[in-house]
Amino acid sequence: MAMNAEVSIRTALREGVTRLVESYYTPPFKVANITEDKKEGGLHLMLMCSSPGILDEDAYTIRLELGEGSRLQWHTQSYQRLMQMEKGASQLMEVRLEAGASFCYLPHPCVPHTRSIFTGRNTIFLAEGAKLVWGEVLTCGRKLNGEVFRFSKYHTITEVRRNDKLVLRENINLQPSVMDLSGLGQLEGFTHQAGLLYMGGVGGRGDEAFRKEVIAYLSGVAAGQELLSGVSTGPGDSLVVRILGSRAEELHNCLKAIAGILSFTQPLAYAG
């Protein structure tokens with residue numbers, strides 16, 4: 001049975017601590033506060049889901065609003081599975097950060113099953129001084145089941161706007177039936193890809209210093225693993241990271257390490 005599900009979250013900074021001031025969700029979702037250190041100041045929320053994955057004709061809407069100066073890390077519970085479909089599923093995610101707010105989102109890898117069809121639209125609005133880390137890991141499917149690039153379509157558009165002006169736009173459109181994903185100009189033999197968008201706040205470290213540090217880290221990781229990576233400076237104070245590999249967990253760990261380099265995360269023992 002297809003589900004039209006919604007999640008709405010609002011945070012505010014009170015006495016130096018980020019508080020959850022509004023939480024609304026419908027099945028199959030639930031939001032749990034998993035903040036370990038209540039005095040650290042940031043808020044950790046986990047999106048939990050009782051569904052085995054995104055099903056045909058599911059439509060999800062997620063809206064997050066971070067008040068001025070608040071800090072939120074938005075966690076996922078497990079790998080996101082896109083099940084076999086006929087018509088397709090969709091997800092709309094909208095994030096609004098007021099002045100000085102910080103948001104980090106590094107979801108578990110996405111696993112598209114055979115004949116899955118998924119469309120996602122992500123829009124992030126940043127006020128002055130707001131900071132963002134936004135990551136994604138996409139696998140080829142259930143590799144051990146022989147489902148390498150057997151999905152029908154995976155299409156996501158992510159837009160980042162600073163003071164209502166578009167500064168970054170990422171368009172990932174993969175259709176194995178009409179493009180050779182392992183060929184030249186695509187994944188070139190790799191099966192998994194990861195991406196990370198970083199938008200710094202005013203008065204932070206320069207993007208060039210961050211870029212060099214991230215490149216040094218990825219060079220060290222690639223020395224012992226089969227990874228191909230690149231780091232580019234984007235408009236304003238942004239960085240765009242791309243990594244190709246063959247194992248989802250490796251790529252997910254890379255994104256979490258990069259978020260730490262960007263002085264963004266306070267890792268949790270049990271959170272992804």
# chains A, B, ... in the order shown; residues from 1 in each chain; ligands from 1
>>> residues_around(residues="A:Phe151", least_positions_apart="3", cutoff="8 Å", atoms="only C-alpha atoms", output="list in words")
Pro112, His113, Thr114, Arg115, Ser116, Ile117, Gly141, Tyr154, Gln175 and Pro176 of chain A
>>> closest_atom_pairs(of="stretch 125-192 of chain A", to="stretch 62-74 of chain A", cutoff="12 Å", atoms="only C-alpha atoms", output="JSON lines")
{"residue": "A:Phe125", "atom": "CA", "partner": "A:Glu65", "partner_atom": "CA", "distance": 9.5}
{"residue": "A:Leu126", "atom": "CA", "partner": "A:Leu66", "partner_atom": "CA", "distance": 9.9}
{"residue": "A:Ala127", "atom": "CA", "partner": "A:Glu68", "partner_atom": "CA", "distance": 9.0}
{"residue": "A:Glu128", "atom": "CA", "partner": "A:Glu68", "partner_atom": "CA", "distance": 10.0}
{"residue": "A:Gly129", "atom": "CA", "partner": "A:Gly69", "partner_atom": "CA", "distance": 9.1}
{"residue": "A:Ala130", "atom": "CA", "partner": "A:Gly69", "partner_atom": "CA", "distance": 8.1}
{"residue": "A:Lys131", "atom": "CA", "partner": "A:Arg71", "partner_atom": "CA", "distance": 9.2}
{"residue": "A:Leu132", "atom": "CA", "partner": "A:Leu72", "partner_atom": "CA", "distance": 10.0}
{"residue": "A:Val133", "atom": "CA", "partner": "A:Gln73", "partner_atom": "CA", "distance": 9.4}
{"residue": "A:Trp134", "atom": "CA", "partner": "A:Trp74", "partner_atom": "CA", "distance": 10.0}
{"residue": "A:Gly135", "atom": "CA", "partner": "A:Trp74", "partner_atom": "CA", "distance": 11.1}
>>> closest_residue(among="A:Ser238, A:Thr18, A:Ser263, A:Gln91", to="A:Leu55", atoms="only C-alpha atoms")
A:Gln91
>>> residues_around(residues="stretch 31-47 of chain A", least_positions_apart="5", cutoff="9 Å", atoms="only C-alpha atoms", output="ChimeraX atom specification")
/A:7,9,11,13,16-20,23-25,70-77,266,268,271
>>> residues_around(residues="A:Ser50", least_positions_apart="6", cutoff="8 Å", atoms="only C-alpha atoms", output="list of chain:residue names")
A:Pro27, A:Pro28, A:Phe29
>>> closest_residue(among="A:Ala2, A:Ala248, A:Val241, A:Leu97", to="A:Asp164", atoms="only C-alpha atoms")
A:Leu97
>>> decode(residues="stretch 16-48 of chain A", atoms="C-alpha atoms", output="mmCIF file, in the first residue's frame")
data_model
loop_
_atom_site.group_PDB
_atom_site.id
_atom_site.type_symbol
_atom_site.label_atom_id
_atom_site.label_comp_id
_atom_site.auth_asym_id
_atom_site.auth_seq_id
_atom_site.Cartn_x
_atom_site.Cartn_y
_atom_site.Cartn_z
ATOM 1 C CA GLY A 16 22.947 28.144 24.294
ATOM 2 C CA VAL A 17 21.314 24.754 23.702
ATOM 3 C CA THR A 18 19.403 23.680 20.590
ATOM 4 C CA ARG A 19 15.902 22.539 21.495
ATOM 5 C CA LEU A 20 13.283 20.635 19.528
ATOM 6 C CA VAL A 21 10.267 22.945 19.665
ATOM 7 C CA GLU A 22 8.024 21.275 17.090
ATOM 8 C CA SER A 23 7.856 17.681 15.878
ATOM 9 C CA TYR A 24 5.200 16.249 13.591
ATOM 10 C CA TYR A 25 5.297 12.989 11.651
ATOM 11 C CA THR A 26 2.971 10.448 10.110
ATOM 12 C CA PRO A 27 3.429 6.669 9.594
ATOM 13 C CA PRO A 28 5.732 5.017 8.745
ATOM 14 C CA PHE A 29 7.998 7.694 10.267
ATOM 15 C CA LYS A 30 8.988 8.503 13.818
ATOM 16 C CA VAL A 31 11.547 11.043 15.056
ATOM 17 C CA ALA A 32 13.749 10.208 18.049
ATOM 18 C CA ASN A 33 15.998 12.559 20.000
ATOM 19 C CA ILE A 34 19.314 10.677 20.327
ATOM 20 C CA THR A 35 21.422 13.527 21.703
ATOM 21 C CA GLU A 36 23.962 12.052 24.113
ATOM 22 C CA ASP A 37 25.573 15.164 25.558
ATOM 23 C CA LYS A 38 22.772 17.550 26.502
ATOM 24 C CA LYS A 39 25.351 20.236 27.397
ATOM 25 C CA GLU A 40 27.168 20.101 24.039
ATOM 26 C CA GLY A 41 24.654 22.515 22.576
ATOM 27 C CA GLY A 42 23.794 20.683 19.376
ATOM 28 C CA LEU A 43 20.799 18.474 18.710
ATOM 29 C CA HIS A 44 20.870 14.958 17.232
ATOM 30 C CA LEU A 45 17.630 13.621 15.749
ATOM 31 C CA MET A 46 17.116 10.256 14.082
ATOM 32 C CA LEU A 47 14.460 9.616 11.456
ATOM 33 C CA MET A 48 13.089 6.129 12.114
#
